[in-house]
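Chemist: To be precise about what I am sending: the file is called structure_23.pdb and holds PDB, C-alpha atoms.
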ATOM      1  CA  MET G   1     -91.745 -35.258 -55.500
ATOM      2  CA  LYS G   2     -88.082 -36.194 -55.975
ATOM      3  CA  LYS G   3     -87.328 -32.645 -57.138
ATOM      4  CA  ILE G   4     -88.979 -31.167 -54.043
ATOM      5  CA  TRP G   5     -87.028 -33.556 -51.782
ATOM      6  CA  LEU G   6     -83.772 -32.684 -53.548
ATOM      7  CA  PHE G   7     -84.529 -28.979 -53.172
ATOM      8  CA  LEU G   8     -85.191 -29.374 -49.438
ATOM      9  CA  CYS G   9     -81.968 -31.343 -48.964
ATOM     10  CA  LEU G  10     -79.933 -28.737 -50.800
ATOM     11  CA  THR G  11     -81.581 -25.942 -48.805
ATOM     12  CA  LEU G  12     -80.728 -27.649 -45.504
ATOM     13  CA  LEU G  13     -77.167 -28.273 -46.672
ATOM     14  CA  TYR G  14     -76.741 -24.625 -47.691
ATOM     15  CA  THR G  15     -78.136 -23.429 -44.369
ATOM     16  CA  SER G  16     -75.763 -25.675 -42.423
ATOM     17  CA  VAL G  17     -72.671 -24.274 -44.148
ATOM     18  CA  SER G  18     -73.809 -20.652 -44.443
ATOM     19  CA  ALA G  19     -75.241 -20.096 -40.971
ATOM     20  CA  ARG G  20     -74.712 -21.271 -37.416
ATOM     21  CA  GLU G  21     -76.260 -20.747 -34.016
ATOM     22  CA  GLN G  22     -73.167 -20.606 -31.818
ATOM     23  CA  VAL G  23     -71.084 -17.438 -31.590
ATOM     24  CA  LYS G  24     -67.286 -17.846 -31.853
ATOM     25  CA  ILE G  25     -65.214 -15.519 -29.669
ATOM     26  CA  VAL G  26     -61.433 -15.256 -29.246
ATOM     27  CA  GLY G  27     -58.977 -12.792 -27.721
ATOM     28  CA  SER G  28     -57.697 -11.265 -24.510
ATOM     29  CA  SER G  29     -57.021 -13.374 -21.426
ATOM     30  CA  THR G  30     -57.942 -10.316 -19.341
ATOM     31  CA  VAL G  31     -61.369 -10.047 -20.973
ATOM     32  CA  TYR G  32     -61.842 -13.841 -20.940
ATOM     33  CA  PRO G  33     -63.413 -14.047 -17.428
ATOM     34  CA  PHE G  34     -65.942 -11.354 -18.341
ATOM     35  CA  ALA G  35     -66.780 -12.826 -21.754
ATOM     36  CA  SER G  36     -67.090 -16.320 -20.284
ATOM     37  CA  TYR G  37     -69.469 -15.051 -17.600
ATOM     38  CA  VAL G  38     -71.596 -13.303 -20.238
ATOM     39  CA  ALA G  39     -71.562 -16.461 -22.380
ATOM     40  CA  GLU G  40     -72.877 -18.523 -19.463
ATOM     41  CA  GLU G  41     -75.584 -15.959 -18.690
ATOM     42  CA  PHE G  42     -76.518 -15.799 -22.362
ATOM     43  CA  GLY G  43     -76.718 -19.583 -22.639
ATOM     44  CA  SER G  44     -79.087 -19.743 -19.661
ATOM     45  CA  VAL G  45     -81.577 -17.157 -20.945
ATOM     46  CA  SER G  46     -81.354 -17.397 -24.732
ATOM     47  CA  ARG G  47     -82.770 -19.846 -27.250
ATOM     48  CA  TYR G  48     -79.236 -20.085 -28.641
ATOM     49  CA  PRO G  49     -76.375 -22.166 -27.160
ATOM     50  CA  ALA G  50     -73.708 -20.464 -25.077
ATOM     51  CA  PRO G  51     -70.949 -18.939 -27.244
ATOM     52  CA  ILE G  52     -67.544 -20.579 -27.554
ATOM     53  CA  VAL G  53     -64.999 -18.295 -25.858
ATOM     54  CA  GLU G  54     -61.254 -18.915 -26.302
ATOM     55  CA  SER G  55     -58.437 -17.161 -24.446
ATOM     56  CA  THR G  56     -55.853 -16.590 -27.183
ATOM     57  CA  GLY G  57     -54.380 -13.286 -26.052
ATOM     58  CA  THR G  58     -55.224  -9.958 -27.642
ATOM     59  CA  GLY G  59     -52.629 -10.264 -30.408
ATOM     60  CA  GLY G  60     -53.527 -13.871 -31.130
ATOM     61  CA  GLY G  61     -57.208 -12.998 -31.190
ATOM     62  CA  MET G  62     -56.662 -10.166 -33.662
ATOM     63  CA  LYS G  63     -54.744 -12.507 -35.935
ATOM     64  CA  LEU G  64     -57.548 -15.101 -35.913
ATOM     65  CA  PHE G  65     -60.302 -12.485 -36.232
ATOM     66  CA  CYS G  66     -58.596 -10.819 -39.189
ATOM     67  CA  SER G  67     -57.600 -14.042 -40.937
ATOM     68  CA  GLY G  68     -60.737 -14.193 -43.073
ATOM     69  CA  ASN G  69     -64.377 -13.275 -43.459
ATOM     70  CA  ASP G  70     -65.940 -16.734 -43.870
ATOM     71  CA  LEU G  71     -67.977 -18.351 -41.122
ATOM     72  CA  SER G  72     -65.116 -20.579 -40.012
ATOM     73  CA  SER G  73     -63.427 -17.451 -38.615
ATOM     74  CA  PRO G  74     -64.287 -15.825 -35.257
ATOM     75  CA  ASP G  75     -67.246 -13.462 -34.996
ATOM     76  CA  ILE G  76     -65.869 -11.376 -32.129
ATOM     77  CA  THR G  77     -62.434 -10.751 -30.665
ATOM     78  CA  ASN G  78     -61.840  -9.385 -27.167
ATOM     79  CA  ALA G  79     -59.004  -6.948 -26.533
ATOM     80  CA  SER G  80     -57.293  -5.421 -23.513
ATOM     81  CA  ARG G  81     -55.975  -2.650 -25.737
ATOM     82  CA  ARG G  82     -57.155  -0.906 -28.876
ATOM     83  CA  MET G  83     -56.710  -2.507 -32.289
ATOM     84  CA  LYS G  84     -53.410  -1.503 -33.896
ATOM     85  CA  VAL G  85     -53.236   0.178 -37.305
ATOM     86  CA  LYS G  86     -51.262  -2.760 -38.700
ATOM     87  CA  GLU G  87     -53.975  -5.147 -37.468
ATOM     88  CA  PHE G  88     -56.628  -3.015 -39.165
ATOM     89  CA  HIS G  89     -54.676  -3.291 -42.438
ATOM     90  CA  TYR G  90     -54.260  -7.057 -41.967
ATOM     91  CA  CYS G  91     -58.028  -7.371 -41.556
ATOM     92  CA  ALA G  92     -58.610  -5.330 -44.713
ATOM     93  CA  ARG G  93     -56.192  -7.467 -46.757
ATOM     94  CA  ASN G  94     -58.239 -10.524 -45.798
ATOM     95  CA  GLY G  95     -61.612  -8.981 -46.601
ATOM     96  CA  VAL G  96     -62.570  -8.114 -43.025
ATOM     97  CA  THR G  97     -63.597  -4.513 -43.584
ATOM     98  CA  ASP G  98     -66.858  -3.985 -41.688
ATOM     99  CA  ILE G  99     -65.803  -3.956 -38.026
ATOM    100  CA  THR G 100     -67.410  -2.269 -35.036
ATOM    101  CA  GLU G 101     -65.300  -1.361 -32.010
ATOM    102  CA  VAL G 102     -67.048  -1.497 -28.634
ATOM    103  CA  MET G 103     -65.531  -0.296 -25.366
ATOM    104  CA  PHE G 104     -67.167  -1.800 -22.275
ATOM    105  CA  GLY G 105     -65.117  -0.961 -19.178
ATOM    106  CA  TYR G 106     -61.761  -0.389 -17.527
ATOM    107  CA  ASP G 107     -59.069  -2.559 -16.033
ATOM    108  CA  GLY G 108     -55.856  -1.997 -14.115
ATOM    109  CA  ILE G 109     -52.581  -3.781 -14.734
ATOM    110  CA  VAL G 110     -51.650  -5.091 -11.321
ATOM    111  CA  ILE G 111     -48.186  -5.764  -9.953
ATOM    112  CA  SER G 112     -48.738  -8.392  -7.303
ATOM    113  CA  GLN G 113     -46.954 -10.629  -4.806
ATOM    114  CA  ALA G 114     -47.697 -13.436  -2.373
ATOM    115  CA  ILE G 115     -49.921 -12.297   0.476
ATOM    116  CA  GLU G 116     -47.446 -13.328   3.192
ATOM    117  CA  ASN G 117     -44.831 -10.797   2.015
ATOM    118  CA  LYS G 118     -44.431  -7.387   3.598
ATOM    119  CA  ASP G 119     -46.053  -4.536   1.691
ATOM    120  CA  PHE G 120     -43.949  -3.390  -1.237
ATOM    121  CA  GLN G 121     -44.229  -0.005  -2.948
ATOM    122  CA  LEU G 122     -42.819   0.819  -6.373
ATOM    123  CA  THR G 123     -42.624   3.869  -8.554
ATOM    124  CA  GLN G 124     -43.036   3.569 -12.308
ATOM    125  CA  ARG G 125     -39.374   4.500 -12.678
ATOM    126  CA  GLU G 126     -38.265   1.687 -10.356
ATOM    127  CA  LEU G 127     -40.435  -0.712 -12.310
ATOM    128  CA  LEU G 128     -38.856   0.511 -15.558
ATOM    129  CA  LEU G 129     -35.377  -0.095 -14.125
ATOM    130  CA  ALA G 130     -36.396  -3.622 -13.141
ATOM    131  CA  VAL G 131     -37.778  -4.713 -16.527
ATOM    132  CA  ALA G 132     -36.047  -2.702 -19.295
ATOM    133  CA  LYS G 133     -33.269  -4.289 -21.314
ATOM    134  CA  LEU G 134     -31.303  -1.026 -21.465
ATOM    135  CA  VAL G 135     -31.253   1.327 -18.473
ATOM    136  CA  PRO G 136     -29.384   4.555 -17.599
ATOM    137  CA  ASN G 137     -25.964   4.281 -15.973
ATOM    138  CA  ASP G 138     -25.304   5.935 -12.606
ATOM    139  CA  LYS G 139     -24.534   9.302 -14.237
ATOM    140  CA  GLU G 140     -27.582   8.970 -16.502
ATOM    141  CA  ASP G 141     -25.502  10.016 -19.509
ATOM    142  CA  ALA G 142     -25.540   6.652 -21.298
ATOM    143  CA  LEU G 143     -27.569   3.463 -21.557
ATOM    144  CA  ILE G 144     -26.197   0.118 -20.410
ATOM    145  CA  ASP G 145     -27.391  -3.478 -20.328
ATOM    146  CA  ASN G 146     -29.588  -3.911 -17.265
ATOM    147  CA  PRO G 147     -27.255  -4.856 -14.374
ATOM    148  CA  TYR G 148     -29.897  -5.180 -11.652
ATOM    149  CA  THR G 149     -30.425  -8.621 -10.179
ATOM    150  CA  HIS G 150     -31.911  -7.637  -6.781
ATOM    151  CA  TRP G 151     -34.393  -4.957  -5.767
ATOM    152  CA  ASP G 152     -32.074  -3.274  -3.246
ATOM    153  CA  GLN G 153     -29.706  -2.441  -6.123
ATOM    154  CA  ILE G 154     -32.437  -0.199  -7.533
ATOM    155  CA  ASN G 155     -33.420   1.281  -4.173
ATOM    156  CA  PRO G 156     -31.370   0.604  -1.016
ATOM    157  CA  ASN G 157     -34.569   0.773   1.045
ATOM    158  CA  PHE G 158     -35.938  -2.278  -0.763
ATOM    159  CA  PRO G 159     -35.463  -5.812   0.575
ATOM    160  CA  HIS G 160     -32.668  -7.980  -0.809
ATOM    161  CA  ARG G 161     -35.040  -9.908  -3.055
ATOM    162  CA  GLU G 162     -34.140 -11.296  -6.425
ATOM    163  CA  ILE G 163     -35.795  -9.473  -9.321
ATOM    164  CA  LYS G 164     -38.044 -12.123 -10.771
ATOM    165  CA  ILE G 165     -41.222 -11.039 -12.519
ATOM    166  CA  TYR G 166     -43.742 -13.406 -14.070
ATOM    167  CA  GLY G 167     -45.609 -11.590 -16.800
ATOM    168  CA  PRO G 168     -47.546 -11.888 -20.046
ATOM    169  CA  PRO G 169     -45.961 -12.811 -23.394
ATOM    170  CA  VAL G 170     -45.581 -10.467 -26.375
ATOM    171  CA  SER G 171     -48.911 -11.597 -27.875
ATOM    172  CA  SER G 172     -50.795 -10.314 -24.824
ATOM    173  CA  GLY G 173     -52.664  -7.014 -24.684
ATOM    174  CA  THR G 174     -51.611  -6.766 -21.040
ATOM    175  CA  ARG G 175     -47.951  -6.922 -22.081
ATOM    176  CA  ASP G 176     -48.554  -4.367 -24.827
ATOM    177  CA  ALA G 177     -50.312  -1.953 -22.461
ATOM    178  CA  PHE G 178     -47.658  -2.442 -19.765
ATOM    179  CA  GLU G 179     -44.856  -1.637 -22.220
ATOM    180  CA  GLU G 180     -46.700   1.440 -23.441
ATOM    181  CA  ILE G 181     -47.724   2.893 -20.077
ATOM    182  CA  VAL G 182     -44.769   1.936 -17.873
ATOM    183  CA  MET G 183     -41.933   2.029 -20.412
ATOM    184  CA  GLU G 184     -42.778   4.033 -23.526
ATOM    185  CA  TYR G 185     -44.448   6.971 -21.786
ATOM    186  CA  GLN G 186     -41.584   7.316 -19.293
ATOM    187  CA  THR G 187     -38.685   7.015 -21.710
ATOM    188  CA  GLU G 188     -40.224   9.576 -24.064
ATOM    189  CA  GLY G 189     -39.458  12.162 -21.380
ATOM    190  CA  MET G 190     -35.991  10.886 -20.388
ATOM    191  CA  LYS G 191     -33.063  12.696 -22.012
ATOM    192  CA  VAL G 192     -30.740   9.697 -21.886
ATOM    193  CA  TYR G 193     -33.110   7.668 -24.082
ATOM    194  CA  ARG G 194     -33.723  10.562 -26.458
ATOM    195  CA  ASP G 195     -29.982  11.164 -26.848
ATOM    196  CA  ALA G 196     -29.509   7.489 -27.698
ATOM    197  CA  GLY G 197     -32.206   7.695 -30.375
ATOM    198  CA  LEU G 198     -34.474   5.450 -28.299
ATOM    199  CA  LYS G 199     -37.277   7.827 -27.355
ATOM    200  CA  GLY G 200     -40.290   5.749 -26.356
ATOM    201  CA  TYR G 201     -38.137   2.696 -25.578
ATOM    202  CA  ARG G 202     -40.133  -0.428 -24.671
ATOM    203  CA  VAL G 203     -37.821  -3.439 -24.913
ATOM    204  CA  VAL G 204     -38.166  -5.874 -21.994
ATOM    205  CA  ARG G 205     -35.052  -7.646 -20.718
ATOM    206  CA  THR G 206     -34.548 -11.289 -21.729
ATOM    207  CA  ASP G 207     -31.917 -12.371 -19.189
ATOM    208  CA  GLY G 208     -34.335 -14.295 -16.964
ATOM    209  CA  ALA G 209     -35.495 -11.506 -14.639
ATOM    210  CA  TYR G 210     -38.709 -11.121 -16.622
ATOM    211  CA  ILE G 211     -40.337 -14.489 -17.308
ATOM    212  CA  PRO G 212     -43.058 -14.662 -20.007
ATOM    213  CA  SER G 213     -45.655 -16.995 -18.542
ATOM    214  CA  GLY G 214     -48.264 -17.637 -21.225
ATOM    215  CA  GLU G 215     -51.728 -16.255 -21.828
ATOM    216  CA  ASN G 216     -53.366 -17.865 -18.780
ATOM    217  CA  ASP G 217     -52.993 -15.313 -15.973
ATOM    218  CA  ASN G 218     -54.147 -17.891 -13.433
ATOM    219  CA  LEU G 219     -50.812 -19.658 -13.975
ATOM    220  CA  ILE G 220     -48.998 -16.507 -12.836
ATOM    221  CA  VAL G 221     -51.150 -16.383  -9.709
ATOM    222  CA  GLN G 222     -50.259 -20.010  -8.982
ATOM    223  CA  LYS G 223     -46.538 -19.293  -9.464
ATOM    224  CA  LEU G 224     -46.639 -16.482  -6.895
ATOM    225  CA  SER G 225     -48.017 -18.893  -4.293
ATOM    226  CA  LYS G 226     -44.959 -21.117  -4.720
ATOM    227  CA  ASP G 227     -42.259 -18.600  -5.688
ATOM    228  CA  THR G 228     -43.010 -16.128  -2.907
ATOM    229  CA  GLU G 229     -40.148 -13.712  -3.695
ATOM    230  CA  ALA G 230     -41.373 -13.153  -7.238
ATOM    231  CA  LEU G 231     -43.766 -10.528  -8.559
ATOM    232  CA  GLY G 232     -46.505 -11.025 -11.142
ATOM    233  CA  ILE G 233     -48.147  -8.815 -13.765
ATOM    234  CA  PHE G 234     -51.789  -9.368 -14.782
ATOM    235  CA  GLY G 235     -55.227  -7.747 -14.972
ATOM    236  CA  TYR G 236     -57.060  -6.464 -11.897
ATOM    237  CA  SER G 237     -59.797  -9.097 -12.158
ATOM    238  CA  PHE G 238     -57.291 -11.845 -11.271
ATOM    239  CA  LEU G 239     -56.335  -9.948  -8.112
ATOM    240  CA  VAL G 240     -60.004  -9.663  -7.131
ATOM    241  CA  GLU G 241     -60.497 -13.404  -7.564
ATOM    242  CA  ASN G 242     -57.387 -14.397  -5.564
ATOM    243  CA  THR G 243     -57.193 -12.054  -2.557
ATOM    244  CA  ASP G 244     -56.701 -15.068  -0.296
ATOM    245  CA  THR G 245     -53.251 -15.789  -1.798
ATOM    246  CA  ILE G 246     -51.950 -12.560  -3.388
ATOM    247  CA  LYS G 247     -52.026  -8.802  -2.864
ATOM    248  CA  GLY G 248     -51.417  -5.793  -5.063
ATOM    249  CA  ILE G 249     -48.398  -3.497  -4.898
ATOM    250  CA  SER G 250     -48.890   0.268  -4.900
ATOM    251  CA  ILE G 251     -47.479   2.157  -7.884
ATOM    252  CA  ASP G 252     -46.440   5.775  -7.283
ATOM    253  CA  GLY G 253     -48.157   5.500  -3.901
ATOM    254  CA  VAL G 254     -51.517   4.360  -5.325
ATOM    255  CA  LEU G 255     -52.969   0.897  -4.703
ATOM    256  CA  PRO G 256     -54.863  -0.952  -7.461
ATOM    257  CA  THR G 257     -58.450  -0.626  -6.250
ATOM    258  CA  GLU G 258     -61.717  -0.232  -8.132
ATOM    259  CA  GLY G 259     -62.017   3.414  -7.113
ATOM    260  CA  ASN G 260     -58.429   4.275  -8.025
ATOM    261  CA  ILE G 261     -58.689   2.579 -11.418
ATOM    262  CA  SER G 262     -62.063   4.062 -12.407
ATOM    263  CA  SER G 263     -60.861   7.548 -11.407
ATOM    264  CA  GLN G 264     -57.603   6.860 -13.288
ATOM    265  CA  ASN G 265     -55.598   7.770 -10.178
ATOM    266  CA  TYR G 266     -53.953   4.369 -10.465
ATOM    267  CA  PRO G 267     -51.237   4.986 -13.075
ATOM    268  CA  ILE G 268     -51.409   1.660 -14.950
ATOM    269  CA  SER G 269     -55.031   1.566 -16.082
ATOM    270  CA  ARG G 270     -56.525   0.891 -19.520
ATOM    271  CA  SER G 271     -59.756   0.488 -21.474
ATOM    272  CA  LEU G 272     -61.247  -2.865 -22.511
ATOM    273  CA  PHE G 273     -62.799  -3.577 -25.926
ATOM    274  CA  PHE G 274     -64.373  -6.153 -28.166
ATOM    275  CA  TYR G 275     -64.504  -6.050 -31.963
ATOM    276  CA  VAL G 276     -67.464  -7.313 -33.968
ATOM    277  CA  LYS G 277     -67.413  -8.730 -37.501
ATOM    278  CA  ASN G 278     -70.608  -7.159 -38.828
ATOM    279  CA  SER G 279     -70.620  -9.320 -41.947
ATOM    280  CA  HIS G 280     -71.406 -12.350 -39.731
ATOM    281  CA  ILE G 281     -74.433 -10.909 -37.947
ATOM    282  CA  GLU G 282     -76.990 -12.002 -40.531
ATOM    283  CA  ASP G 283     -75.719 -15.600 -40.600
ATOM    284  CA  VAL G 284     -75.027 -15.807 -36.856
ATOM    285  CA  PRO G 285     -78.161 -14.187 -35.363
ATOM    286  CA  ALA G 286     -77.071 -15.005 -31.810
ATOM    287  CA  MET G 287     -74.346 -12.360 -32.100
ATOM    288  CA  LYS G 288     -76.717  -9.434 -31.650
ATOM    289  CA  GLU G 289     -78.425 -10.973 -28.638
ATOM    290  CA  TYR G 290     -75.067 -11.820 -27.032
ATOM    291  CA  ILE G 291     -73.809  -8.249 -27.512
ATOM    292  CA  ASP G 292     -77.049  -6.813 -26.105
ATOM    293  CA  VAL G 293     -76.662  -8.992 -22.999
ATOM    294  CA  PHE G 294     -73.001  -7.998 -22.627
ATOM    295  CA  LEU G 295     -73.775  -4.268 -22.809
ATOM    296  CA  SER G 296     -76.779  -4.414 -20.495
ATOM    297  CA  ASP G 297     -76.733  -2.327 -17.334
ATOM    298  CA  GLU G 298     -77.262  -5.543 -15.351
ATOM    299  CA  LEU G 299     -73.819  -6.720 -16.447
ATOM    300  CA  ILE G 300     -71.558  -3.706 -17.063
ATOM    301  CA  GLY G 301     -73.403  -0.964 -15.160
ATOM    302  CA  GLU G 302     -72.241   0.588 -11.906
ATOM    303  CA  ASP G 303     -73.719  -2.292  -9.894
ATOM    304  CA  GLY G 304     -73.478  -4.827 -12.706
ATOM    305  CA  LEU G 305     -72.636  -8.465 -12.167
ATOM    306  CA  LEU G 306     -69.266  -8.150 -13.942
ATOM    307  CA  THR G 307     -68.023  -5.753 -11.264
ATOM    308  CA  GLU G 308     -68.068  -8.730  -8.888
ATOM    309  CA  ILE G 309     -65.248 -10.336 -10.887
ATOM    310  CA  GLY G 310     -63.162  -7.197 -11.318
ATOM    311  CA  LEU G 311     -64.623  -5.126 -14.159
ATOM    312  CA  ILE G 312     -64.334  -1.392 -13.525
ATOM    313  CA  PRO G 313     -67.522   0.178 -14.938
ATOM    314  CA  MET G 314     -67.674   3.160 -17.289
ATOM    315  CA  ALA G 315     -69.826   6.234 -16.729
ATOM    316  CA  TYR G 316     -73.460   5.821 -17.771
ATOM    317  CA  GLU G 317     -73.018   8.225 -20.715
ATOM    318  CA  LEU G 318     -70.110   6.209 -22.075
ATOM    319  CA  ILE G 319     -72.061   2.964 -21.769
ATOM    320  CA  GLU G 320     -74.931   4.555 -23.710
ATOM    321  CA  LYS G 321     -72.534   5.829 -26.378
ATOM    322  CA  ASN G 322     -71.030   2.379 -26.940
ATOM    323  CA  LEU G 323     -74.456   0.753 -26.924
ATOM    324  CA  GLU G 324     -75.460   3.157 -29.702
ATOM    325  CA  ILE G 325     -72.264   2.360 -31.628
ATOM    326  CA  SER G 326     -73.083  -1.336 -31.362
ATOM    327  CA  GLU G 327     -76.751  -1.027 -32.279
ATOM    328  CA  ASN G 328     -75.956   1.090 -35.341
ATOM    329  CA  LYS G 329     -73.022  -1.142 -36.345
ATOM    330  CA  ILE G 330     -70.841   1.940 -36.749
ATOM    331  CA  GLN G 331     -67.886   0.937 -38.876
ATOM    332  CA  LEU G 332     -64.392   1.369 -37.456
ATOM    333  CA  LYS G 333     -62.224   3.627 -39.647
ATOM    334  CA  ILE G 334     -58.451   3.831 -39.853
ATOM    335  CA  GLU G 335     -58.503   7.464 -38.669
ATOM    336  CA  ASP G 336     -60.227   6.335 -35.446
ATOM    337  CA  LEU G 337     -57.120   4.325 -34.571
ATOM    338  CA  GLU G 338     -54.745   7.133 -35.509
ATOM    339  CA  GLU G 339     -56.260   9.623 -33.041
TER     340      GLU G 339
END
What would the structure in this file look like if it were written as C-alpha cells?

Modeler:
Amino acid sequence: MKKIWLFLCLTLLYTSVSAREQVKIVGSSTVYPFASYVAEEFGSVSRYPAPIVESTGTGGGMKLFCSGNDLSSPDITNASRRMKVKEFHYCARNGVTDITEVMFGYDGIVISQAIENKDFQLTQRELLLAVAKLVPNDKEDALIDNPYTHWDQINPNFPHREIKIYGPPVSSGTRDAFEEIVMEYQTEGMKVYRDAGLKGYRVVRTDGAYIPSGENDNLIVQKLSKDTEALGIFGYSFLVENTDTIKGISIDGVLPTEGNISSQNYPISRSLFFYVKNSHIEDVPAMKEYIDVFLSDELIGEDGLLTEIGLIPMAYELIEKNLEISENKIQLKIEDLEE
C-alpha cells in the first residue's frame, strides 16, 4: 500500500512540473489587445483558465520565447512584424527549433494628434525628415545632422509647431516596422544616402524630437491629450479605441482607415503574427484550443469580433491557409524568413 501511495505521489509531482493548464503568452503591444480579448473569450468558454498575456514588445517577446524550451518559458509570442533571422538562430541555439508561424491579420502604423488640432497631412518624405538622425542638406548632395526643430522648417505650409513625436522604443515591432517602411524603403532610393554608403538608412534622431515612450501605447495616447502639439506613433487599434481624444494624420494623402489599410492603399501597413512553440503543445493542451479560438471566423473573419477593436481582417483564403498551417504544425524554416 505504501508503494502504491508513493507511486501516486510521484506521479502527481511529475505531472505538476511537466504539464500545466494555463497558456503563457508574451510579445507585441500592438497584438496585446487582440490576444487579451481572445484570452478572455477562451476563459469564458473553455474548461481551461484564461491564458496569461504579457505586453513585452515584439523584440522582448522574441527574446523570452527563444530563451529556452522548458515549460517555464512562454508557449506563444505575438509579433507586429515577422521574426528576424537572428531571432530564429537565437531560438535554435536554445533548443527552440519546432516553431510554427501564424499570420492572422493586418494593422496600420498610425501617426496621430490631439483631436482639437487642425487636420495635418504628411508625406513619407516629410516624416523621414522629421525623425531621421541624418538628413539631406538643401542641395541634397550631402547628409547633415537633423537641423529641424519645427514643422514649418520642413514645409513652409505647415504650422509653426515644435517637432515632438512620442513613439515606440527599439524593442517594439511597431518601431521596427516604422523604421523599415518609412525610413529604409525611402532611403534605398535616395542618391544622397547611397553616395554616403547609407543605403537603407534607418537611424532615428536622439536629440529629443523623437521620444521613446515605452511598450504601452496607451501611454502615448494619454500624452497626446496633454501635449497637444505633439504627434504619436502606434498601431491602428489604439486609434480606433480613442477616437474621442485623438485623430489620425493622412500619409501621402491617405487616411488610416480599415478600408485603406486592408487594401494596402495606406502606405504604413503591416502584417500581424504569432509564433507557437510546438514542443509545448502536448504538455499544455490548452494551447491548441486557444489557437483554434483565435483563428475562428467569429474572431478574425470579415465580421469578426476583433475588427471591433481595430484588427484589419485577411481574405478568407489567407485565413484558411494559416489555419491549415496551424493545424498541421508546419515548422518555420530559415529560408521562409529569407524570402

Chemist: With a distance cut-off of 8 Å and all atoms listed in the file, select the neighbouring residues of stretch 110-125 of chain G, excluding the residue or stretch itself and same-chain residues fewer than 5 positions from it, and output the selection as a ChimeraX atom specification.

Modeler: /G:182,186,224-225,228-236,239,243-253,256,268

Chemist: Which is closer to G:Pro169 than all the others in G:Asn260, G:Glu324, G:Glu140, G:Gly60, using only C-alpha atoms?

Modeler: G:Gly60

Chemist: Do you have, as a Markdown table, the list of residues of stretch 104-189 of chain G lying at most 12 Å from stretch 317-321 of chain G, each with its nearest atom pair and that distance in Å to one decimal, counting all atoms listed in the file and ordered by chain then number?

Modeler:
| residue | atom | partner | partner_atom | distance |
| --- | --- | --- | --- | --- |
| G:Phe104 | CA | G:Ile319 | CA | 6.8 |
| G:Gly105 | CA | G:Ile319 | CA | 8.4 |
| G:Tyr106 | CA | G:Leu318 | CA | 11.6 |

Chemist: Taking (-49.2, -7.4, -18.0) as a centre in this file's frame and 8 Å as the limit, can you find every polymer residue with an atom that close, using only C-alpha atoms, and give them as JSON, numbers by chain?

Modeler: {"G": [109, 110, 167, 168, 172, 173, 174, 175, 176, 177, 178, 233, 234, 235]}

Chemist: For the file shown, what are the residues hit by the PyMOL selection byres ((chain G and resi 79) around 10), laid out as a PyMOL selection string?

Modeler: chain G and resi 26-32+57-62+76-78+80-83+102-103+172-174+271-275

Chemist: List as a count of residues only the protein and nucleic acid residues near stretch 158-163 of chain G, meaning an atom at most 6 Å away when all atoms listed in the file are counted, but skip any in the same chain fewer than 6 places from it.

Modeler: 5

Chemist: Choose the residue, out of G:Lys333, G:Lys226, G:Lys191, G:Lys164, that has the smallest atom-to-atom separation from G:Gly208; count all atoms listed in the file.

Modeler: G:Lys164
